[in-house]
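> The following block contains the structure, expressed as structure tokens.
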Amino acid sequence: MYSALKCDVSPMLKETDASRKCMDDNNYKKDMCTNYFIKYRNCRRFWNIMVQRRRDGVKPDMPTAEEREKILKSVEMPY
């Protein structure tokens with residue numbers, strides 16, 4: 001039961017499911033799902049940042065809107 005609960009609290013569950021659905025719907029043509037992959041990658045990056053901020057004792061755990069904007073501008077986009 002614990003492992004099922006752990007899977008349900010994945011911070012990227014929504015993005016993972018959307019990416020997989022896109023791949024299924026588009027016969028696994030990755031170029032058709034680029035936006036979903038970008039959303040997943042950004043979510044994962046923010047989750048990692050939040051975890052690191054917690055470890056470092058930085059409050060709030062999630063970067064502010066201004067900080068998020070700076071982070072997104074610094075992230076290389078694949079296209």
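Simple scheme: letters A, B, ... for chains in structure tokens order, numbers from 1 for residues in each chain, numbers from 1 for ligands in the order shown.
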Can you pull out every residue within 12 Å of Trp47 (chain A), counting only C-alpha atoms, but drop anything in the same chain fewer than 4 positions away, and send it as JSON, numbers by chain?
{"A": [10, 11, 12, 13, 40, 41, 42, 43, 51, 52, 53, 54, 61, 62, 63, 68]}
> Find the residue from A:Lys39, A:Arg55, A:Arg45, A:Lys70 that sits nearest to Asp17 (chain A); use only C-alpha atoms when measuring.
A:Lys39
> With only C-alpha atoms as the basis for distance, which of A:Met32, A:Ala18, A:Ile38, A:Glu67 is at the shortest distance from Met50 (chain A)?
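Checking each of A:Met32, A:Ala18, A:Ile38, A:Glu67 against Met50 (chain A), counting only C-alpha atoms, the winner is A:Glu67.
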> Using DSSP on the backbone, list every residue of chain A that comes out as helix (DSSP H, G or I), and give them as a PyMOL selection string.
chain A and resi 2-8+13-25+30-56+65-74
> Please indicate the distance in Å from CA of Cys33 (chain A) to CA of Glu15 (chain A), rounded to one decimal place.
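Between CA of Cys33 (chain A) and CA of Glu15 (chain A) the gap works out to 11.5 Å.
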> What does the structure give for the distance between CA of Glu69 (chain A) and CA of Phe46 (chain A), in Å to one decimal?
11.4 Å
> Mind giving me the straight-line distance from CA of Lys14 (chain A) to CA of Thr34 (chain A) in Å, one decimal?
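Going from CA of Lys14 (chain A) over to CA of Thr34 (chain A) covers 15.6 Å.
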> Return the single residue from A:Asp31, A:Lys73, A:Glu66, A:Val58 that is closest to Ser19 (chain A), with distances computed using only C-alpha atoms.
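Closest candidate: A:Asp31.
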